[in-house]
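Quick notes on the structure that follows.
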Amino acid sequence: MLLKTTGLVIFEKKQSEQDRLLTILTPENGMILARVNSPGRMKGKLAAGTEFLTYSEFTLFLRKEVAVVDAAEPKRLFYGMRTDPEKLALAAYFARLTYDLFSSAAKEDCAGALRLFLNTLAFLEEDKMPKALLKAVFEMRCMAMSGYRPDLSACRICKKSAGDMVFFLPQRGQLICSECENHSAEEKIPLNGDLLCAMKSAMSSDLKEAFSFRLGEKNLLCFAFLAESYCIARLEYLPATLRYYKSICESLEAYMPPTFSGENPEKGSL
Ligand SMILES: [Zn+2]
């Protein structure tokens with residue numbers, strides 16, 4: 001059976017000199033595993049359309065387990081990222097997260113993941129948003145879309161609705177208020193109204209909202225830290241791609257644990 005579909009290459013594995021195995025994230029057919037055999041005259045064209053992080057119009061022969069790529073016309077190459085090792089490393093982490101969280105997901109969820117990934121790549125390529133914020137938004141949104149939406153409505157113990165001074169519990173994805181926090185020894189991250197809004201905006205049903213807010217430096221530091229902490233807690237492992245990104249990241253301070261010890265982070269800079 002022949003299938004024509006657009007798709008983003010989120011994984012590429014060389015199998016031999018001529019054979020590569022791709023994972024393609026598509027808008028209507030979920031994730032497709034496809035083999036590229038690129039000898040002879042098609043080599044150049046197929047090579048361009050099947051590179052990692054290329055969004056292409058594919059023609060695929062569907063087989064039992066692994067499809068075969070017949071043609072691939074690149075629609076968007078995200079060329080601006082390929083020359084920047086930091087951006088490429090961050091995108092590789094996004095690809096890993098997407099694969100791990102959506103490889104068994106329903107087709108509609110994969111469509112949402114593709115929309116998020118394409119928007120994120122465009123923002124990353126064109127420097128439209130600080131990398132630390134883009135990463136945090138991507139992490140929070142991926143978590144929410146894959147069934148790990150944190151409960152930000154009320155304190156997990158007294159059930160009072162989230163006021164001005166609450167803490168986020170990354171291991172649980174819940175909040176705890178300042179009155180109840182003394183009863184809990186687990187890791188907690190202090191929040192303020194702006195950070196709560198940032199978390200909600202990142203996970204908003206409106207994708208535009210997720211990319212349209214900005215944070216001041218200290219709030220951004222907290223947001224980056226809490227999104228990453230929550231993501232790792234839910235994944236239950238530290239992805240090698242994330243470790244690599246952090247090892248080459250120039251703005252490393254954005255990924256250090258904040259140094260505050262319980263005081264309210266800055267306000268009013270959302
Ligand atoms: Zn409470």
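Identifiers in this document derive from the order of the structure tokens: chains are assigned A, B, ..., residues are numbered from 1 separately in each chain, and ligands are numbered from 1 in order of occurrence.
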
(Q) Taking only C-alpha atoms and all ligand atoms into account, list the residues no farther than 10 Å from ligand 1, as an NGL selection string. (A) :A and (154-163 or 166-167 or 175-183)

(Q) Using only C-alpha atoms, which protein or nucleic acid residues come within 10 Å of Met143 (chain A)? Drop anything in the same chain fewer than 3 positions from it, and give the result as a count of residues only. (A) 18

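The coordinates place CA of Ile248 (chain A) at 25.4 Å from CA of Ala202 (chain A).
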
Q) What is the distance, in Å and to one decimal place, between CA of Glu186 (chain A) and CA of Leu152 (chain A)? A)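 According to the coordinates, CA of Glu186 (chain A) and CA of Leu152 (chain A) are separated by 17.3 Å.
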
Q: Name the residues in contact with Pro170 (chain A) at a cut-off of 8 Å, using only C-alpha atoms, excluding same-chain residues fewer than 4 positions from it; report them as a ChimeraX atom specification.
A: /A:174,187-189,226,229-230,233

Based on the backbone DSSP call, show me all residues of region 95-207 of chain A assigned helix (DSSP H, G or I), as a PDB file with N, CA and C atoms, in the first residue's frame.
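To be explicit, this is the file written out as out09.pdb:
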ATOM      1  N   ALA A  95      13.509  15.730  20.376  1.00  0.00           N
ATOM      2  CA  ALA A  95      13.155  14.541  19.588  1.00  0.00           C
ATOM      3  C   ALA A  95      13.054  13.312  20.501  1.00  0.00           C
ATOM      4  N   ARG A  96      14.009  13.213  21.419  1.00  0.00           N
ATOM      5  CA  ARG A  96      14.008  12.062  22.344  1.00  0.00           C
ATOM      6  C   ARG A  96      12.756  12.075  23.223  1.00  0.00           C
ATOM      7  N   LEU A  97      12.449  13.268  23.758  1.00  0.00           N
ATOM      8  CA  LEU A  97      11.250  13.388  24.603  1.00  0.00           C
ATOM      9  C   LEU A  97      10.002  12.994  23.819  1.00  0.00           C
ATOM     10  N   THR A  98       9.914  13.510  22.600  1.00  0.00           N
ATOM     11  CA  THR A  98       8.749  13.226  21.757  1.00  0.00           C
ATOM     12  C   THR A  98       8.630  11.732  21.505  1.00  0.00           C
ATOM     13  N   TYR A  99       9.749  11.124  21.181  1.00  0.00           N
ATOM     14  CA  TYR A  99       9.718   9.683  20.906  1.00  0.00           C
ATOM     15  C   TYR A  99       9.291   8.907  22.155  1.00  0.00           C
ATOM     16  N   ASP A 100       9.910   9.221  23.267  1.00  0.00           N
ATOM     17  CA  ASP A 100       9.628   8.458  24.493  1.00  0.00           C
ATOM     18  C   ASP A 100       8.187   8.644  24.976  1.00  0.00           C
ATOM     19  N   LEU A 101       7.655   9.840  24.780  1.00  0.00           N
ATOM     20  CA  LEU A 101       6.314  10.109  25.315  1.00  0.00           C
ATOM     21  C   LEU A 101       5.186   9.782  24.333  1.00  0.00           C
ATOM     22  N   PHE A 102       5.481   9.732  23.037  1.00  0.00           N
ATOM     23  CA  PHE A 102       4.389   9.584  22.073  1.00  0.00           C
ATOM     24  C   PHE A 102       4.505   8.365  21.162  1.00  0.00           C
ATOM     25  N   LYS A 107      -3.111   8.478  17.475  1.00  0.00           N
ATOM     26  CA  LYS A 107      -2.720   9.305  16.321  1.00  0.00           C
ATOM     27  C   LYS A 107      -2.995  10.795  16.555  1.00  0.00           C
ATOM     28  N   GLU A 108      -4.113  11.115  17.231  1.00  0.00           N
ATOM     29  CA  GLU A 108      -4.431  12.540  17.478  1.00  0.00           C
ATOM     30  C   GLU A 108      -3.371  13.165  18.390  1.00  0.00           C
ATOM     31  N   ASP A 109      -2.866  12.384  19.351  1.00  0.00           N
ATOM     32  CA  ASP A 109      -1.838  12.921  20.243  1.00  0.00           C
ATOM     33  C   ASP A 109      -0.532  13.149  19.484  1.00  0.00           C
ATOM     34  N   CYS A 110      -0.234  12.248  18.546  1.00  0.00           N
ATOM     35  CA  CYS A 110       0.969  12.429  17.716  1.00  0.00           C
ATOM     36  C   CYS A 110       0.833  13.677  16.855  1.00  0.00           C
ATOM     37  N   ALA A 111      -0.392  13.955  16.389  1.00  0.00           N
ATOM     38  CA  ALA A 111      -0.616  15.164  15.583  1.00  0.00           C
ATOM     39  C   ALA A 111      -0.317  16.399  16.431  1.00  0.00           C
ATOM     40  N   GLY A 112      -0.763  16.387  17.689  1.00  0.00           N
ATOM     41  CA  GLY A 112      -0.485  17.501  18.600  1.00  0.00           C
ATOM     42  C   GLY A 112       1.007  17.627  18.866  1.00  0.00           C
ATOM     43  N   ALA A 113       1.672  16.488  19.036  1.00  0.00           N
ATOM     44  CA  ALA A 113       3.117  16.491  19.291  1.00  0.00           C
ATOM     45  C   ALA A 113       3.863  17.065  18.086  1.00  0.00           C
ATOM     46  N   LEU A 114       3.388  16.737  16.889  1.00  0.00           N
ATOM     47  CA  LEU A 114       4.030  17.253  15.672  1.00  0.00           C
ATOM     48  C   LEU A 114       3.872  18.775  15.583  1.00  0.00           C
ATOM     49  N   ARG A 115       2.658  19.256  15.861  1.00  0.00           N
ATOM     50  CA  ARG A 115       2.426  20.711  15.830  1.00  0.00           C
ATOM     51  C   ARG A 115       3.346  21.420  16.813  1.00  0.00           C
ATOM     52  N   LEU A 116       3.425  20.855  18.016  1.00  0.00           N
ATOM     53  CA  LEU A 116       4.288  21.463  19.040  1.00  0.00           C
ATOM     54  C   LEU A 116       5.751  21.450  18.591  1.00  0.00           C
ATOM     55  N   PHE A 117       6.197  20.314  18.060  1.00  0.00           N
ATOM     56  CA  PHE A 117       7.602  20.176  17.657  1.00  0.00           C
ATOM     57  C   PHE A 117       7.937  21.150  16.519  1.00  0.00           C
ATOM     58  N   LEU A 118       7.068  21.244  15.528  1.00  0.00           N
ATOM     59  CA  LEU A 118       7.345  22.140  14.383  1.00  0.00           C
ATOM     60  C   LEU A 118       7.393  23.600  14.828  1.00  0.00           C
ATOM     61  N   ASN A 119       6.457  23.988  15.685  1.00  0.00           N
ATOM     62  CA  ASN A 119       6.466  25.361  16.200  1.00  0.00           C
ATOM     63  C   ASN A 119       7.720  25.630  17.018  1.00  0.00           C
ATOM     64  N   THR A 120       8.082  24.662  17.841  1.00  0.00           N
ATOM     65  CA  THR A 120       9.262  24.820  18.686  1.00  0.00           C
ATOM     66  C   THR A 120      10.521  24.957  17.839  1.00  0.00           C
ATOM     67  N   LEU A 121      10.634  24.136  16.793  1.00  0.00           N
ATOM     68  CA  LEU A 121      11.813  24.210  15.914  1.00  0.00           C
ATOM     69  C   LEU A 121      11.887  25.569  15.215  1.00  0.00           C
ATOM     70  N   ALA A 122      10.718  26.078  14.799  1.00  0.00           N
ATOM     71  CA  ALA A 122      10.710  27.385  14.126  1.00  0.00           C
ATOM     72  C   ALA A 122      11.171  28.484  15.091  1.00  0.00           C
ATOM     73  N   PHE A 123      10.692  28.420  16.325  1.00  0.00           N
ATOM     74  CA  PHE A 123      11.100  29.419  17.333  1.00  0.00           C
ATOM     75  C   PHE A 123      12.591  29.291  17.656  1.00  0.00           C
ATOM     76  N   LEU A 124      13.049  28.064  17.721  1.00  0.00           N
ATOM     77  CA  LEU A 124      14.461  27.815  18.045  1.00  0.00           C
ATOM     78  C   LEU A 124      15.353  28.292  16.901  1.00  0.00           C
ATOM     79  N   GLU A 125      14.974  27.964  15.696  1.00  0.00           N
ATOM     80  CA  GLU A 125      15.783  28.333  14.526  1.00  0.00           C
ATOM     81  C   GLU A 125      15.912  29.847  14.411  1.00  0.00           C
ATOM     82  N   LYS A 131      16.186  30.215  24.818  1.00  0.00           N
ATOM     83  CA  LYS A 131      16.206  28.736  24.765  1.00  0.00           C
ATOM     84  C   LYS A 131      15.690  28.113  26.049  1.00  0.00           C
ATOM     85  N   ALA A 132      16.050  28.722  27.182  1.00  0.00           N
ATOM     86  CA  ALA A 132      15.629  28.155  28.474  1.00  0.00           C
ATOM     87  C   ALA A 132      14.106  28.149  28.585  1.00  0.00           C
ATOM     88  N   LEU A 133      13.468  29.200  28.066  1.00  0.00           N
ATOM     89  CA  LEU A 133      12.003  29.283  28.136  1.00  0.00           C
ATOM     90  C   LEU A 133      11.365  28.307  27.144  1.00  0.00           C
ATOM     91  N   LEU A 134      11.922  28.252  25.959  1.00  0.00           N
ATOM     92  CA  LEU A 134      11.406  27.340  24.938  1.00  0.00           C
ATOM     93  C   LEU A 134      11.482  25.895  25.443  1.00  0.00           C
ATOM     94  N   LYS A 135      12.605  25.571  26.056  1.00  0.00           N
ATOM     95  CA  LYS A 135      12.800  24.212  26.588  1.00  0.00           C
ATOM     96  C   LYS A 135      11.776  23.914  27.675  1.00  0.00           C
ATOM     97  N   ALA A 136      11.573  24.867  28.583  1.00  0.00           N
ATOM     98  CA  ALA A 136      10.627  24.657  29.692  1.00  0.00           C
ATOM     99  C   ALA A 136       9.196  24.503  29.172  1.00  0.00           C
ATOM    100  N   VAL A 137       8.827  25.339  28.197  1.00  0.00           N
ATOM    101  CA  VAL A 137       7.485  25.249  27.613  1.00  0.00           C
ATOM    102  C   VAL A 137       7.306  23.885  26.936  1.00  0.00           C
ATOM    103  N   PHE A 138       8.309  23.486  26.185  1.00  0.00           N
ATOM    104  CA  PHE A 138       8.229  22.194  25.492  1.00  0.00           C
ATOM    105  C   PHE A 138       8.073  21.055  26.503  1.00  0.00           C
ATOM    106  N   GLU A 139       8.868  21.108  27.565  1.00  0.00           N
ATOM    107  CA  GLU A 139       8.801  20.042  28.578  1.00  0.00           C
ATOM    108  C   GLU A 139       7.425  19.993  29.253  1.00  0.00           C
ATOM    109  N   MET A 140       6.955  21.161  29.702  1.00  0.00           N
ATOM    110  CA  MET A 140       5.664  21.183  30.406  1.00  0.00           C
ATOM    111  C   MET A 140       4.534  20.739  29.482  1.00  0.00           C
ATOM    112  N   ARG A 141       4.595  21.214  28.255  1.00  0.00           N
ATOM    113  CA  ARG A 141       3.507  20.911  27.318  1.00  0.00           C
ATOM    114  C   ARG A 141       3.507  19.427  26.927  1.00  0.00           C
ATOM    115  N   CYS A 142       4.699  18.892  26.710  1.00  0.00           N
ATOM    116  CA  CYS A 142       4.809  17.453  26.399  1.00  0.00           C
ATOM    117  C   CYS A 142       4.247  16.616  27.543  1.00  0.00           C
ATOM    118  N   MET A 143       4.579  17.028  28.760  1.00  0.00           N
ATOM    119  CA  MET A 143       4.086  16.295  29.932  1.00  0.00           C
ATOM    120  C   MET A 143       2.564  16.322  29.959  1.00  0.00           C
ATOM    121  N   ALA A 144       1.995  17.525  29.786  1.00  0.00           N
ATOM    122  CA  ALA A 144       0.535  17.667  29.855  1.00  0.00           C
ATOM    123  C   ALA A 144      -0.140  16.866  28.745  1.00  0.00           C
ATOM    124  N   MET A 145       0.442  16.904  27.545  1.00  0.00           N
ATOM    125  CA  MET A 145      -0.185  16.227  26.403  1.00  0.00           C
ATOM    126  C   MET A 145      -0.086  14.716  26.496  1.00  0.00           C
ATOM    127  N   GLU A 181       3.534  23.119  54.109  1.00  0.00           N
ATOM    128  CA  GLU A 181       4.810  22.629  53.603  1.00  0.00           C
ATOM    129  C   GLU A 181       5.741  22.084  54.677  1.00  0.00           C
ATOM    130  N   ASN A 182       5.549  22.534  55.928  1.00  0.00           N
ATOM    131  CA  ASN A 182       6.391  22.026  57.016  1.00  0.00           C
ATOM    132  C   ASN A 182       6.142  20.548  57.291  1.00  0.00           C
ATOM    133  N   HIS A 183       4.990  20.066  56.855  1.00  0.00           N
ATOM    134  CA  HIS A 183       4.669  18.652  57.093  1.00  0.00           C
ATOM    135  C   HIS A 183       5.203  17.751  55.992  1.00  0.00           C
ATOM    136  N   GLY A 193       2.804  33.937  41.757  1.00  0.00           N
ATOM    137  CA  GLY A 193       1.706  34.008  40.803  1.00  0.00           C
ATOM    138  C   GLY A 193       2.184  33.951  39.352  1.00  0.00           C
ATOM    139  N   ASP A 194       3.311  34.611  39.086  1.00  0.00           N
ATOM    140  CA  ASP A 194       3.814  34.630  37.710  1.00  0.00           C
ATOM    141  C   ASP A 194       4.244  33.242  37.245  1.00  0.00           C
ATOM    142  N   LEU A 195       4.870  32.499  38.154  1.00  0.00           N
ATOM    143  CA  LEU A 195       5.316  31.152  37.784  1.00  0.00           C
ATOM    144  C   LEU A 195       4.130  30.206  37.584  1.00  0.00           C
ATOM    145  N   LEU A 196       3.117  30.389  38.439  1.00  0.00           N
ATOM    146  CA  LEU A 196       1.907  29.577  38.263  1.00  0.00           C
ATOM    147  C   LEU A 196       1.263  29.868  36.905  1.00  0.00           C
ATOM    148  N   CYS A 197       1.187  31.168  36.578  1.00  0.00           N
ATOM    149  CA  CYS A 197       0.635  31.564  35.271  1.00  0.00           C
ATOM    150  C   CYS A 197       1.475  30.985  34.139  1.00  0.00           C
ATOM    151  N   ALA A 198       2.789  31.019  34.309  1.00  0.00           N
ATOM    152  CA  ALA A 198       3.684  30.503  33.263  1.00  0.00           C
ATOM    153  C   ALA A 198       3.426  29.016  33.029  1.00  0.00           C
ATOM    154  N   MET A 199       3.265  28.261  34.109  1.00  0.00           N
ATOM    155  CA  MET A 199       3.003  26.819  33.958  1.00  0.00           C
ATOM    156  C   MET A 199       1.684  26.595  33.219  1.00  0.00           C
ATOM    157  N   LYS A 200       0.676  27.379  33.606  1.00  0.00           N
ATOM    158  CA  LYS A 200      -0.642  27.204  32.975  1.00  0.00           C
ATOM    159  C   LYS A 200      -0.592  27.625  31.500  1.00  0.00           C
ATOM    160  N   SER A 201       0.102  28.726  31.222  1.00  0.00           N
ATOM    161  CA  SER A 201       0.204  29.179  29.824  1.00  0.00           C
ATOM    162  C   SER A 201       0.932  28.143  28.970  1.00  0.00           C
ATOM    163  N   ALA A 202       1.998  27.563  29.516  1.00  0.00           N
ATOM    164  CA  ALA A 202       2.772  26.559  28.753  1.00  0.00           C
ATOM    165  C   ALA A 202       1.899  25.369  28.383  1.00  0.00           C
ATOM    166  N   LEU A 207      -2.143  26.832  21.586  1.00  0.00           N
ATOM    167  CA  LEU A 207      -0.693  26.721  21.364  1.00  0.00           C
ATOM    168  C   LEU A 207      -0.016  28.097  21.315  1.00  0.00           C
TER     169      LEU A 207
END

Q. Which one is closest to Leu46 (chain A): A:Leu8, A:Ala72, A:Ala89, A:Ala106? Count only C-alpha atoms.
A. A:Ala72

Q | Distance criterion (only C-alpha atoms): nearest to Leu33 (chain A) out of A:Met1, A:Ser103, A:Gln18, A:Phe52 | A |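 Smallest distance to Leu33 (chain A) is found for A:Ser103.
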
Q: Mind the document's chain letters and residue numbers, and return as a PyMOL selection string the residues of region 2-107 of chain A that DSSP labels strand (DSSP E).
A: chain A and resi 2-14+19-25+31-37+55-61+67-76

Q.
Report, in Å to a single decimal, how far apart CA of Glu12 (chain A) and CA of Met81 (chain A) are.
A.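 For CA of Met81 (chain A) relative to CA of Glu12 (chain A), the distance reads 16.6 Å.
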
Q: Compare A:Ala71, A:Glu65, A:Ile10, A:Pro130 by their minimum atom-to-atom distance to Gly216 (chain A), counting only C-alpha atoms, and give me the closest one.
A: A:Pro130
